[in-house]
file coords_34.pdb (PDB, C-alpha atoms)
ATOM      1  CA  MET Q   4     123.621 173.689  85.938
ATOM      2  CA  SER Q   5     126.433 176.027  86.992
ATOM      3  CA  SER Q   6     126.000 178.529  89.789
ATOM      4  CA  ARG Q   7     124.663 181.969  89.004
ATOM      5  CA  SER Q   8     126.945 184.784  90.062
ATOM      6  CA  TYR Q   9     126.542 186.875  93.183
ATOM      7  CA  ILE Q  10     126.261 190.664  93.130
ATOM      8  CA  LEU Q  11     126.875 192.501  96.395
ATOM      9  CA  GLY Q  12     124.022 194.792  97.381
ATOM     10  CA  SER Q  13     125.247 197.951  99.114
ATOM     11  CA  GLY Q  14     122.031 199.008 100.817
ATOM     12  CA  HIS Q  15     123.611 198.387 104.243
ATOM     13  CA  PHE Q  16     126.704 200.500 103.576
ATOM     14  CA  ALA Q  17     127.062 203.124 106.335
ATOM     15  CA  VAL Q  18     124.353 201.349 108.330
ATOM     16  CA  THR Q  19     125.718 197.984 109.464
ATOM     17  CA  TRP Q  20     128.927 198.224 107.410
ATOM     18  CA  SER Q  21     131.281 200.846 108.868
ATOM     19  CA  GLU Q  22     133.654 202.935 106.754
ATOM     20  CA  ASP Q  23     136.539 200.711 107.883
ATOM     21  CA  ASP Q  24     134.565 197.595 106.872
ATOM     22  CA  ILE Q  25     133.852 199.070 103.450
ATOM     23  CA  ALA Q  26     137.516 199.934 102.939
ATOM     24  CA  GLN Q  27     138.548 196.332 103.675
ATOM     25  CA  LEU Q  28     135.690 194.696 101.785
ATOM     26  CA  PRO Q  29     137.245 194.653  98.268
ATOM     27  CA  ASP Q  30     139.871 192.082  99.291
ATOM     28  CA  ILE Q  31     137.217 189.831 100.850
ATOM     29  CA  LEU Q  32     134.970 190.120  97.791
ATOM     30  CA  THR Q  33     137.803 189.336  95.395
ATOM     31  CA  GLU Q  34     138.659 186.197  97.374
ATOM     32  CA  SER Q  35     134.965 185.260  97.230
ATOM     33  CA  ASN Q  36     134.765 185.744  93.443
ATOM     34  CA  ILE Q  37     132.294 188.628  93.742
ATOM     35  CA  THR Q  38     133.188 191.400  91.319
ATOM     36  CA  ARG Q  39     130.020 193.459  90.960
ATOM     37  CA  ILE Q  40     128.341 195.963  93.295
ATOM     38  CA  ASP Q  41     124.677 196.978  93.213
ATOM     39  CA  SER Q  42     123.988 200.479  94.518
ATOM     40  CA  ALA Q  43     121.355 203.196  94.181
ATOM     41  CA  ALA Q  44     121.005 206.922  94.705
ATOM     42  CA  LEU Q  45     118.558 206.013  97.481
ATOM     43  CA  TYR Q  46     120.989 203.782  99.448
ATOM     44  CA  PRO Q  47     120.947 203.610 102.365
ATOM     45  CA  ILE Q  48     117.379 204.728 102.955
ATOM     46  CA  THR Q  49     118.443 206.485 106.159
ATOM     47  CA  SER Q  50     121.151 208.497 104.353
ATOM     48  CA  PRO Q  51     120.583 208.509 100.569
ATOM     49  CA  GLY Q  52     123.717 208.778  98.456
ATOM     50  CA  THR Q  53     126.128 207.612 101.145
ATOM     51  CA  SER Q  54     126.500 204.145  99.615
ATOM     52  CA  GLU Q  55     127.648 205.630  96.305
ATOM     53  CA  GLN Q  56     129.907 208.089  98.104
ATOM     54  CA  LEU Q  57     131.686 205.307 100.000
ATOM     55  CA  ILE Q  58     132.039 203.162  96.877
ATOM     56  CA  GLY Q  59     133.662 206.118  95.157
ATOM     57  CA  LYS Q  60     135.847 207.050  98.117
ATOM     58  CA  ASN Q  61     137.235 203.511  98.259
ATOM     59  CA  LYS Q  62     137.787 203.362  94.479
ATOM     60  CA  TYR Q  63     135.954 200.092  93.898
ATOM     61  CA  VAL Q  64     136.087 200.425  90.113
ATOM     62  CA  GLU Q  65     139.853 200.974  90.168
ATOM     63  CA  LYS Q  66     140.088 197.780  92.222
ATOM     64  CA  GLY Q  67     138.382 195.772  89.487
ATOM     65  CA  PHE Q  68     134.692 195.937  90.426
ATOM     66  CA  GLU Q  69     131.744 196.761  88.199
ATOM     67  CA  VAL Q  70     129.303 199.198  89.797
ATOM     68  CA  ASP Q  71     125.589 199.399  88.999
ATOM     69  CA  THR Q  72     123.321 202.138  90.319
ATOM     70  CA  LYS Q  73     119.725 203.346  90.148
ATOM     71  CA  ILE Q  74     117.886 206.598  89.581
ATOM     72  CA  MET Q  75     116.711 208.337  92.766
ATOM     73  CA  TRP Q  76     113.259 207.050  93.695
ATOM     74  CA  ILE Q  77     111.251 208.682  96.499
ATOM     75  CA  GLY Q  78     107.660 208.249  97.638
ATOM     76  CA  ASP Q  79     105.344 206.785  95.019
ATOM     77  CA  GLY Q  80     107.888 207.380  92.262
ATOM     78  CA  ARG Q  81     105.804 209.845  90.293
ATOM     79  CA  GLY Q  82     108.015 212.108  88.193
ATOM     80  CA  HIS Q  83     111.295 210.445  89.114
ATOM     81  CA  LEU Q  84     111.839 209.181  85.557
ATOM     82  CA  SER Q  85     111.225 212.482  83.803
ATOM     83  CA  SER Q  86     114.084 213.695  81.634
ATOM     84  CA  ASP Q  87     115.109 216.384  84.129
ATOM     85  CA  ALA Q  88     114.936 214.051  87.122
ATOM     86  CA  ILE Q  89     117.063 211.414  85.394
ATOM     87  CA  GLU Q  90     119.676 213.989  84.372
ATOM     88  CA  LYS Q  91     119.854 215.335  87.918
ATOM     89  CA  SER Q  92     120.075 211.874  89.497
ATOM     90  CA  VAL Q  93     122.731 210.515  87.126
ATOM     91  CA  THR Q  94     124.886 213.620  87.455
ATOM     92  CA  ALA Q  95     124.779 213.396  91.257
ATOM     93  CA  SER Q  96     125.453 209.637  91.297
ATOM     94  CA  LEU Q  97     128.474 209.891  89.014
ATOM     95  CA  LYS Q  98     129.884 212.706  91.125
ATOM     96  CA  ARG Q  99     129.518 210.669  94.326
ATOM     97  CA  LEU Q 100     131.013 207.591  92.678
ATOM     98  CA  GLY Q 101     133.845 209.569  91.097
ATOM     99  CA  LEU Q 102     133.080 207.977  87.726
ATOM    100  CA  ASN Q 103     132.273 209.031  84.185
ATOM    101  CA  LYS Q 104     129.934 206.061  83.732
ATOM    102  CA  VAL Q 105     128.475 203.050  85.519
ATOM    103  CA  ASN Q 106     128.083 199.453  84.403
ATOM    104  CA  VAL Q 107     124.262 199.243  84.638
ATOM    105  CA  LEU Q 108     121.940 202.197  85.144
ATOM    106  CA  TYR Q 109     118.535 201.131  86.458
ATOM    107  CA  ALA Q 110     115.124 202.667  86.748
ATOM    108  CA  GLN Q 111     114.509 201.544  90.334
ATOM    109  CA  GLY Q 112     110.748 201.413  89.988
ATOM    110  CA  PRO Q 113     107.809 202.545  87.865
ATOM    111  CA  ASP Q 114     106.951 206.191  87.290
ATOM    112  CA  LYS Q 115     103.223 206.200  86.592
ATOM    113  CA  SER Q 116     103.041 209.906  85.771
ATOM    114  CA  THR Q 117     105.760 210.124  83.102
ATOM    115  CA  PRO Q 118     105.007 208.509  79.719
ATOM    116  CA  ILE Q 119     107.126 205.443  78.982
ATOM    117  CA  ALA Q 120     108.227 207.088  75.719
ATOM    118  CA  GLU Q 121     109.723 210.018  77.659
ATOM    119  CA  GLN Q 122     111.431 207.668  80.095
ATOM    120  CA  ALA Q 123     112.941 205.645  77.264
ATOM    121  CA  ALA Q 124     114.125 208.788  75.474
ATOM    122  CA  ALA Q 125     115.704 210.163  78.651
ATOM    123  CA  PHE Q 126     117.676 206.990  79.315
ATOM    124  CA  ASP Q 127     118.732 206.865  75.681
ATOM    125  CA  ALA Q 128     120.067 210.420  75.977
ATOM    126  CA  GLN Q 129     122.167 209.372  78.977
ATOM    127  CA  TYR Q 130     123.392 206.321  77.082
ATOM    128  CA  LYS Q 131     124.467 208.453  74.131
ATOM    129  CA  LYS Q 132     126.431 210.617  76.573
ATOM    130  CA  GLY Q 133     128.356 207.471  77.542
ATOM    131  CA  ARG Q 134     127.139 207.450  81.125
ATOM    132  CA  PHE Q 135     126.312 203.735  81.363
ATOM    133  CA  ASP Q 136     127.036 200.478  79.543
ATOM    134  CA  ALA Q 137     123.711 198.669  80.000
ATOM    135  CA  LEU Q 138     120.143 199.721  80.791
ATOM    136  CA  GLY Q 139     118.168 197.976  83.503
ATOM    137  CA  VAL Q 140     114.689 198.283  84.981
ATOM    138  CA  CYS Q 141     113.477 197.150  88.403
ATOM    139  CA  ASN Q 142     110.028 196.195  89.631
ATOM    140  CA  PHE Q 143     108.213 197.059  86.375
ATOM    141  CA  THR Q 144     105.108 195.208  85.260
ATOM    142  CA  THR Q 145     105.343 193.049  82.171
ATOM    143  CA  ASP Q 146     103.097 195.502  80.303
ATOM    144  CA  MET Q 147     105.403 198.414  81.146
ATOM    145  CA  LEU Q 148     108.456 196.522  79.957
ATOM    146  CA  GLU Q 149     106.705 195.474  76.744
ATOM    147  CA  GLU Q 150     105.776 199.092  76.032
ATOM    148  CA  TRP Q 151     109.339 200.258  76.696
ATOM    149  CA  LEU Q 152     110.759 197.623  74.363
ATOM    150  CA  ALA Q 153     108.307 198.622  71.631
ATOM    151  CA  VAL Q 154     109.226 202.306  71.960
ATOM    152  CA  ALA Q 155     112.936 201.513  71.952
ATOM    153  CA  GLU Q 156     112.536 199.371  68.847
ATOM    154  CA  GLU Q 157     110.560 202.047  67.016
ATOM    155  CA  LYS Q 158     112.852 204.942  68.001
ATOM    156  CA  ASN Q 159     116.131 203.011  67.917
ATOM    157  CA  PHE Q 160     116.718 203.745  71.618
ATOM    158  CA  VAL Q 161     118.910 201.666  73.899
ATOM    159  CA  LYS Q 162     116.835 198.714  75.138
ATOM    160  CA  PRO Q 163     116.644 197.330  78.665
ATOM    161  CA  SER Q 164     118.936 194.306  78.809
ATOM    162  CA  ILE Q 165     118.595 193.557  82.536
ATOM    163  CA  PHE Q 166     115.544 193.246  84.784
ATOM    164  CA  GLN Q 167     115.917 193.318  88.559
ATOM    165  CA  GLY Q 168     113.099 191.967  90.700
ATOM    166  CA  GLN Q 169     112.245 190.209  93.941
ATOM    167  CA  TYR Q 170     112.509 186.448  93.536
ATOM    168  CA  ASN Q 171     112.810 183.685  96.125
ATOM    169  CA  LEU Q 172     111.126 180.478  97.266
ATOM    170  CA  LEU Q 173     108.050 182.410  98.437
ATOM    171  CA  CYS Q 174     107.929 184.955  95.609
ATOM    172  CA  ARG Q 175     107.946 183.215  92.220
ATOM    173  CA  ILE Q 176     105.289 185.229  90.368
ATOM    174  CA  TYR Q 177     107.734 186.299  87.661
ATOM    175  CA  GLU Q 178     108.214 182.735  86.430
ATOM    176  CA  THR Q 179     104.909 182.895  84.561
ATOM    177  CA  THR Q 180     104.298 186.634  84.155
ATOM    178  CA  LEU Q 181     107.728 187.963  83.211
ATOM    179  CA  PHE Q 182     110.298 185.288  82.394
ATOM    180  CA  PRO Q 183     108.776 184.369  78.998
ATOM    181  CA  LEU Q 184     109.173 188.003  77.886
ATOM    182  CA  LEU Q 185     112.755 188.138  79.170
ATOM    183  CA  ARG Q 186     113.630 184.985  77.252
ATOM    184  CA  LYS Q 187     112.051 186.360  74.076
ATOM    185  CA  HIS Q 188     114.161 189.524  74.224
ATOM    186  CA  ASP Q 189     117.368 188.056  75.708
ATOM    187  CA  ILE Q 190     117.025 190.118  78.883
ATOM    188  CA  ALA Q 191     118.970 188.933  81.930
ATOM    189  CA  PHE Q 192     117.255 188.605  85.309
ATOM    190  CA  VAL Q 193     118.868 189.763  88.549
ATOM    191  CA  ALA Q 194     117.084 188.496  91.668
ATOM    192  CA  TYR Q 195     117.027 190.457  94.895
ATOM    193  CA  SER Q 196     115.779 189.397  98.349
ATOM    194  CA  PRO Q 197     116.911 185.759  98.073
ATOM    195  CA  LEU Q 198     116.005 185.350 101.750
ATOM    196  CA  ALA Q 199     112.806 187.420 101.526
ATOM    197  CA  GLY Q 200     114.403 190.107 103.660
ATOM    198  CA  GLY Q 201     115.429 187.485 106.223
ATOM    199  CA  PHE Q 202     112.021 185.804 106.453
ATOM    200  CA  LEU Q 203     113.440 182.572 105.006
ATOM    201  CA  THR Q 204     115.856 182.248 107.915
ATOM    202  CA  GLY Q 205     112.774 181.357 109.963
ATOM    203  CA  LYS Q 206     113.578 183.888 112.683
ATOM    204  CA  LEU Q 207     110.254 185.701 112.457
ATOM    205  CA  THR Q 208     108.164 182.535 112.215
ATOM    206  CA  PHE Q 209     109.837 180.798 115.147
ATOM    207  CA  SER Q 210     110.510 183.819 117.366
ATOM    208  CA  GLN Q 211     108.900 184.095 120.789
ATOM    209  CA  GLY Q 212     108.696 187.872 120.628
ATOM    210  CA  ASN Q 213     110.515 191.048 119.633
ATOM    211  CA  GLU Q 214     113.428 190.237 121.954
ATOM    212  CA  ASP Q 215     114.314 187.300 119.686
ATOM    213  CA  LEU Q 216     114.306 189.649 116.690
ATOM    214  CA  LYS Q 217     116.784 192.198 118.030
ATOM    215  CA  GLY Q 218     119.233 193.221 115.342
ATOM    216  CA  THR Q 219     117.251 191.545 112.547
ATOM    217  CA  ARG Q 220     115.276 193.043 109.678
ATOM    218  CA  PHE Q 221     112.072 192.230 111.565
ATOM    219  CA  GLU Q 222     112.851 193.966 114.841
ATOM    220  CA  VAL Q 223     110.026 196.335 115.754
ATOM    221  CA  VAL Q 224     111.881 199.605 116.190
ATOM    222  CA  GLU Q 225     111.358 203.176 115.049
ATOM    223  CA  GLY Q 226     112.862 203.908 111.640
ATOM    224  CA  ASN Q 227     113.006 200.275 110.476
ATOM    225  CA  TYR Q 228     111.367 201.098 107.146
ATOM    226  CA  ALA Q 229     112.692 198.084 105.261
ATOM    227  CA  GLY Q 230     111.447 195.817 108.029
ATOM    228  CA  MET Q 231     107.980 197.334 107.767
ATOM    229  CA  GLY Q 232     107.939 196.585 104.057
ATOM    230  CA  TYR Q 233     108.978 192.974 104.456
ATOM    231  CA  ARG Q 234     106.506 192.452 107.284
ATOM    232  CA  HIS Q 235     103.782 193.776 104.993
ATOM    233  CA  TRP Q 236     104.746 191.193 102.370
ATOM    234  CA  TYR Q 237     105.600 188.144 104.463
ATOM    235  CA  ASP Q 238     104.208 188.432 108.008
ATOM    236  CA  LYS Q 239     101.048 186.533 107.108
ATOM    237  CA  PRO Q 240      99.612 183.182 108.251
ATOM    238  CA  VAL Q 241     100.038 181.610 104.800
ATOM    239  CA  MET Q 242     103.691 182.638 104.640
ATOM    240  CA  HIS Q 243     104.411 181.394 108.163
ATOM    241  CA  GLU Q 244     102.823 178.051 107.291
ATOM    242  CA  ALA Q 245     105.024 177.879 104.191
ATOM    243  CA  MET Q 246     108.074 178.679 106.326
ATOM    244  CA  ARG Q 247     107.240 175.834 108.700
ATOM    245  CA  LYS Q 248     106.983 173.434 105.750
ATOM    246  CA  ILE Q 249     110.351 174.604 104.436
ATOM    247  CA  ALA Q 250     111.934 174.069 107.858
ATOM    248  CA  SER Q 251     110.444 170.571 108.115
ATOM    249  CA  ALA Q 252     111.740 169.691 104.657
ATOM    250  CA  CYS Q 253     115.250 170.940 105.426
ATOM    251  CA  GLU Q 254     115.690 169.315 108.835
ATOM    252  CA  PRO Q 255     116.239 165.682 107.690
ATOM    253  CA  HIS Q 256     118.929 166.871 105.278
ATOM    254  CA  GLY Q 257     120.816 168.914 107.851
ATOM    255  CA  VAL Q 258     120.463 172.044 105.719
ATOM    256  CA  SER Q 259     119.474 175.402 107.184
ATOM    257  CA  THR Q 260     116.475 177.108 105.627
ATOM    258  CA  ALA Q 261     118.641 180.078 104.626
ATOM    259  CA  ASP Q 262     121.167 177.849 102.857
ATOM    260  CA  ALA Q 263     118.370 175.968 101.126
ATOM    261  CA  ALA Q 264     116.791 179.194  99.873
ATOM    262  CA  VAL Q 265     120.074 180.526  98.522
ATOM    263  CA  ARG Q 266     121.191 177.257  96.928
ATOM    264  CA  TRP Q 267     117.792 176.815  95.291
ATOM    265  CA  LEU Q 268     118.207 180.208  93.610
ATOM    266  CA  LEU Q 269     121.793 179.540  92.581
ATOM    267  CA  PHE Q 270     121.379 176.032  91.206
ATOM    268  CA  HIS Q 271     117.727 175.083  90.697
ATOM    269  CA  ALA Q 272     115.424 178.068  90.130
ATOM    270  CA  PRO Q 273     114.114 178.394  86.546
ATOM    271  CA  PHE Q 274     115.768 181.728  85.716
ATOM    272  CA  PRO Q 275     115.287 182.985  82.142
ATOM    273  CA  GLY Q 276     118.682 181.502  81.336
ATOM    274  CA  GLN Q 277     120.309 184.537  79.767
ATOM    275  CA  LYS Q 278     123.921 185.579  80.124
ATOM    276  CA  GLY Q 279     124.035 187.863  83.143
ATOM    277  CA  ASP Q 280     121.388 186.142  85.302
ATOM    278  CA  ALA Q 281     122.527 186.754  88.891
ATOM    279  CA  VAL Q 282     121.537 186.972  92.559
ATOM    280  CA  ILE Q 283     121.967 190.090  94.696
ATOM    281  CA  ILE Q 284     122.960 189.377  98.279
ATOM    282  CA  GLY Q 285     122.708 191.980 101.034
ATOM    283  CA  PRO Q 286     124.751 190.762 103.993
ATOM    284  CA  SER Q 287     124.870 193.051 107.012
ATOM    285  CA  ASN Q 288     128.399 192.045 107.984
ATOM    286  CA  THR Q 289     131.355 189.855 107.057
ATOM    287  CA  LYS Q 290     129.954 186.839 108.914
ATOM    288  CA  GLN Q 291     126.775 186.898 106.833
ATOM    289  CA  LEU Q 292     128.806 187.327 103.651
ATOM    290  CA  GLU Q 293     130.830 184.243 104.553
ATOM    291  CA  LYS Q 294     127.592 182.261 104.964
ATOM    292  CA  TYR Q 295     126.483 183.199 101.447
ATOM    293  CA  VAL Q 296     129.848 182.160 100.044
ATOM    294  CA  ALA Q 297     129.774 178.878 101.980
ATOM    295  CA  ALA Q 298     126.267 178.105 100.698
ATOM    296  CA  ARG Q 299     127.446 178.541  97.115
ATOM    297  CA  LYS Q 300     130.348 176.158  97.716
ATOM    298  CA  GLN Q 301     127.905 173.478  98.918
ATOM    299  CA  GLY Q 302     126.450 173.235  95.417
ATOM    300  CA  LYS Q 303     123.158 171.647  94.429
ATOM    301  CA  LEU Q 304     120.543 170.508  96.911
ATOM    302  CA  PRO Q 305     119.310 166.900  97.174
ATOM    303  CA  THR Q 306     116.641 166.168  94.572
ATOM    304  CA  GLU Q 307     113.991 165.238  97.147
ATOM    305  CA  LEU Q 308     114.579 168.468  99.059
ATOM    306  CA  VAL Q 309     114.222 170.526  95.889
ATOM    307  CA  ARG Q 310     110.904 168.816  95.187
ATOM    308  CA  GLU Q 311     109.593 169.597  98.682
ATOM    309  CA  LEU Q 312     110.796 173.202  98.591
ATOM    310  CA  GLU Q 313     109.165 173.874  95.252
ATOM    311  CA  ALA Q 314     105.881 172.293  96.377
ATOM    312  CA  VAL Q 315     105.520 175.023  99.008
ATOM    313  CA  TRP Q 316     104.947 177.627  96.302
ATOM    314  CA  ASP Q 317     101.401 176.492  95.506
ATOM    315  CA  GLY Q 318     100.206 177.504  98.963
ATOM    316  CA  ALA Q 319     101.968 180.882  98.926
ATOM    317  CA  ARG Q 320     101.197 181.917  95.359
ATOM    318  CA  ALA Q 321      98.058 183.988  96.014
ATOM    319  CA  GLU Q 322      99.623 186.005  98.846
ATOM    320  CA  ALA Q 323     102.818 186.581  96.850
ATOM    321  CA  THR Q 324     101.079 188.326  93.960
ATOM    322  CA  SER Q 325     101.107 191.702  95.729
ATOM    323  CA  ILE Q 326     104.844 191.527  96.476
ATOM    324  CA  VAL Q 327     105.815 192.431  92.918
ATOM    325  CA  VAL Q 328     103.298 195.283  92.571
ATOM    326  CA  PHE Q 329     104.794 198.778  92.941
TER     327      PHE Q 329
END

call {"tool": "encode", "arguments": {"input": "coords_34.pdb", "output": "structure tokens"}}
result
Amino acid sequence: MSSRSYILGSGHFAVTWSEDDIAQLPDILTESNITRIDSAALYPITSPGTSEQLIGKNKYVEKGFEVDTKIMWIGDGRGHLSSDAIEKSVTASLKRLGLNKVNVLYAQGPDKSTPIAEQAAAFDAQYKKGRFDALGVCNFTTDMLEEWLAVAEEKNFVKPSIFQGQYNLLCRIYETTLFPLLRKHDIAFVAYSPLAGGFLTGKLTFSQGNEDLKGTRFEVVEGNYAGMGYRHWYDKPVMHEAMRKIASACEPHGVSTADAAVRWLLFHAPFPGQKGDAVIIGPSNTKQLEKYVAARKQGKLPTELVRELEAVWDGARAEATSIVVF
């Protein structure tokens, strides 16, 4: 099995990545064989739109990168996929990016107040304007995606060809609920949170207190909204027990838990198997990016380690169900 490709997530742009870092990043990414950027109107959460603005300012597309982005999603998402909201969001994103179109345009999450038929029609209208090459959806339920596909088939609308969702060693719900549908319709899967927001590094499980977590996703500090979300999902006894089992399995092989988690996704995880399956990485700095690249170069994990890592899922399955519910 060959390695799945990496996509660079830009949620940390203008947060941990400075403007100078972002200007120098294209050369590093090219050397690392990473040619695609994942952004969103919401990124970064502390300053929405700045990620797109910096990508545009530094002319990433002119330097050979594909850029994906997502419709603005705030609060519970109600109304954000109406026709007017999509038009407003796409227009603003393209202006910030300095582009006429993006590679993939995503619905970042469900809109439970706007009918799926209206959502599908609105994206189709943007597609017919030439504003994106491929349609993606993130964090939808299988039922929502099935309904969208049915509407698109009936109305001859552009169909979703990419699904983006959280997927890692401790969040494998999609393997049974979603992947069969993706295979049936030749829809690629793009995994985010390969390290469960940093939980799979083991730092939270093995920390002695907040001092050990300084500078990490799990530091308890005002405004750490992403950290609050990942704590809600993973800071649970069952997940900590799973993390301890993963660490015990990795130790005899001399493999860090983070490397094991990433290499499992790249080389062993049962992705749908479509062209375009990929893993989004969200390094906070160049050093973390280098670790992701080094993990990919290491290749497949030992067979026995893969078996032990995958066995952990049975104990985490029940707690993980809520992670993919938006």

call {"tool": "atom_distance", "arguments": {"input": "coords_34.pdb", "atom1": "atom CA of Gly112 of chain Q", "atom2": "atom CA of Gly80 of chain Q"}}
result
7.0 Å

call {"tool": "closest_residue", "arguments": {"input": "coords_34.pdb", "among": "Q:Ala264, Q:Ala44, Q:Ala314, Q:Val223", "to": "Tyr295 of chain Q", "atoms": "all atoms listed in the file"}}
result
Q:Ala264

call {"tool": "residues_near_point", "arguments": {"input": "coords_34.pdb", "point": "(134.7, 180.9, 102.4)", "cutoff": "12 Å", "atoms": "all atoms listed in the file", "output": "mmCIF file with C-alpha atoms, in the coordinates of the input"}}
result
data_model
loop_
_atom_site.group_PDB
_atom_site.id
_atom_site.type_symbol
_atom_site.label_atom_id
_atom_site.label_comp_id
_atom_site.auth_asym_id
_atom_site.auth_seq_id
_atom_site.Cartn_x
_atom_site.Cartn_y
_atom_site.Cartn_z
ATOM 1 C CA ILE Q 31 137.217 189.831 100.850
ATOM 2 C CA LEU Q 32 134.970 190.120 97.791
ATOM 3 C CA THR Q 33 137.803 189.336 95.395
ATOM 4 C CA GLU Q 34 138.659 186.197 97.374
ATOM 5 C CA SER Q 35 134.965 185.260 97.230
ATOM 6 C CA ASN Q 36 134.765 185.744 93.443
ATOM 7 C CA ILE Q 37 132.294 188.628 93.742
ATOM 8 C CA THR Q 289 131.355 189.855 107.057
ATOM 9 C CA LYS Q 290 129.954 186.839 108.914
ATOM 10 C CA GLN Q 291 126.775 186.898 106.833
ATOM 11 C CA LEU Q 292 128.806 187.327 103.651
ATOM 12 C CA GLU Q 293 130.830 184.243 104.553
ATOM 13 C CA LYS Q 294 127.592 182.261 104.964
ATOM 14 C CA TYR Q 295 126.483 183.199 101.447
ATOM 15 C CA VAL Q 296 129.848 182.160 100.044
ATOM 16 C CA ALA Q 297 129.774 178.878 101.980
ATOM 17 C CA ALA Q 298 126.267 178.105 100.698
ATOM 18 C CA ARG Q 299 127.446 178.541 97.115
ATOM 19 C CA LYS Q 300 130.348 176.158 97.716
ATOM 20 C CA GLN Q 301 127.905 173.478 98.918
#

call {"tool": "resolve_selection", "arguments": {"input": "coords_34.pdb", "expression": "the PyMOL selection byres ((chain Q and resi 250) around 10)", "output": "VMD selection string"}}
result
chain Q and resid 203 to 205 244 to 249 251 to 255 258 to 261 263 312

call {"tool": "closest_residue", "arguments": {"input": "coords_34.pdb", "among": "Q:Thr324, Q:Thr208, Q:Ser85, Q:Asn142", "to": "Lys239 of chain Q", "atoms": "all atoms listed in the file"}}
result
Q:Thr208

call {"tool": "residues_around", "arguments": {"input": "coords_34.pdb", "residues": "Leu28 of chain Q", "least_positions_apart": "2", "cutoff": "12 Å", "atoms": "all atoms listed in the file", "output": "number ranges by chain"}}
result
Q: 11, 13, 16, 20-26, 30-35, 37-38, 40, 57-58, 61-63, 66, 68, 286, 288-289, 292-293

call {"tool": "closest_residue", "arguments": {"input": "coords_34.pdb", "among": "Q:Gly201, Q:Pro240, Q:Gly101, Q:Gly226", "to": "Val265 of chain Q", "atoms": "all atoms listed in the file"}}
result
Q:Gly201

call {"tool": "atom_distance", "arguments": {"input": "coords_34.pdb", "atom1": "atom CA of Ser325 of chain Q", "atom2": "atom CA of Tyr177 of chain Q"}}
result
11.8 Å

call {"tool": "resolve_selection", "arguments": {"input": "coords_34.pdb", "expression": "the PyMOL selection byres ((chain Q and resi 76-78) around 8)", "output": "PDB file with C-alpha atoms, in the frame of the given file"}}
result
ATOM      1  CA  ALA Q  44     121.005 206.922  94.705  1.00  0.00           C
ATOM      2  CA  LEU Q  45     118.558 206.013  97.481  1.00  0.00           C
ATOM      3  CA  ILE Q  74     117.886 206.598  89.581  1.00  0.00           C
ATOM      4  CA  MET Q  75     116.711 208.337  92.766  1.00  0.00           C
ATOM      5  CA  ASP Q  79     105.344 206.785  95.019  1.00  0.00           C
ATOM      6  CA  GLY Q  80     107.888 207.380  92.262  1.00  0.00           C
ATOM      7  CA  ARG Q  81     105.804 209.845  90.293  1.00  0.00           C
ATOM      8  CA  HIS Q  83     111.295 210.445  89.114  1.00  0.00           C
ATOM      9  CA  GLN Q 111     114.509 201.544  90.334  1.00  0.00           C
ATOM     10  CA  GLY Q 112     110.748 201.413  89.988  1.00  0.00           C
TER      11      GLY Q 112
END

call {"tool": "closest_residue", "arguments": {"input": "coords_34.pdb", "among": "Q:Gly82, Q:Gln56, Q:Gly168, Q:Gln122", "to": "Ala95 of chain Q", "atoms": "all atoms listed in the file"}}
result
Q:Gln56

call {"tool": "residues_near_point", "arguments": {"input": "coords_34.pdb", "point": "(124.6, 181.5, 92.2)", "cutoff": "8 Å", "atoms": "all atoms listed in the file", "output": "count of residues only"}}
result
13

call {"tool": "closest_residue", "arguments": {"input": "coords_34.pdb", "among": "Q:Ala272, Q:Ile10, Q:Ala110, Q:Met231", "to": "Tyr170 of chain Q", "atoms": "all atoms listed in the file"}}
result
Q:Ala272

call {"tool": "residues_around", "arguments": {"input": "coords_34.pdb", "residues": "Asp41 of chain Q", "least_positions_apart": "5", "cutoff": "9 Å", "atoms": "all atoms listed in the file", "output": "ChimeraX atom specification"}}
result
/Q:10-14,69-73,107,283

call {"tool": "write_last_selection", "arguments": {"input": "coords_34.pdb", "atoms": "C-alpha atoms", "output": "CSV table (one decimal), in the coordinates of the input"}}
result
chain,number,residue,atom,x,y,z
Q,10,ILE,CA,126.3,190.7,93.1
Q,11,LEU,CA,126.9,192.5,96.4
Q,12,GLY,CA,124.0,194.8,97.4
Q,13,SER,CA,125.2,198.0,99.1
Q,14,GLY,CA,122.0,199.0,100.8
Q,69,GLU,CA,131.7,196.8,88.2
Q,70,VAL,CA,129.3,199.2,89.8
Q,71,ASP,CA,125.6,199.4,89.0
Q,72,THR,CA,123.3,202.1,90.3
Q,73,LYS,CA,119.7,203.3,90.1
Q,107,VAL,CA,124.3,199.2,84.6
Q,283,ILE,CA,122.0,190.1,94.7

call {"tool": "resolve_selection", "arguments": {"input": "coords_34.pdb", "expression": "the PyMOL selection byres ((chain Q and resi 222) around 12)", "output": "PyMOL selection string"}}
result
chain Q and resi 200-202+206-207+210+212-221+223-231+233-234

call {"tool": "residues_around", "arguments": {"input": "coords_34.pdb", "residues": "Trp267 of chain Q", "least_positions_apart": "4", "cutoff": "10 Å", "atoms": "all atoms listed in the file", "output": "ChimeraX atom specification"}}
result
/Q:171-172,197,261-263,271-273,299,302-304,308-309,312-313

call {"tool": "write_last_selection", "arguments": {"input": "coords_34.pdb", "atoms": "C-alpha atoms", "output": "CSV table (one decimal), in the frame of the given file"}}
result
chain,number,residue,atom,x,y,z
Q,171,ASN,CA,112.8,183.7,96.1
Q,172,LEU,CA,111.1,180.5,97.3
Q,197,PRO,CA,116.9,185.8,98.1
Q,261,ALA,CA,118.6,180.1,104.6
Q,262,ASP,CA,121.2,177.8,102.9
Q,263,ALA,CA,118.4,176.0,101.1
Q,271,HIS,CA,117.7,175.1,90.7
Q,272,ALA,CA,115.4,178.1,90.1
Q,273,PRO,CA,114.1,178.4,86.5
Q,299,ARG,CA,127.4,178.5,97.1
Q,302,GLY,CA,126.4,173.2,95.4
Q,303,LYS,CA,123.2,171.6,94.4
Q,304,LEU,CA,120.5,170.5,96.9
Q,308,LEU,CA,114.6,168.5,99.1
Q,309,VAL,CA,114.2,170.5,95.9
Q,312,LEU,CA,110.8,173.2,98.6
Q,313,GLU,CA,109.2,173.9,95.3
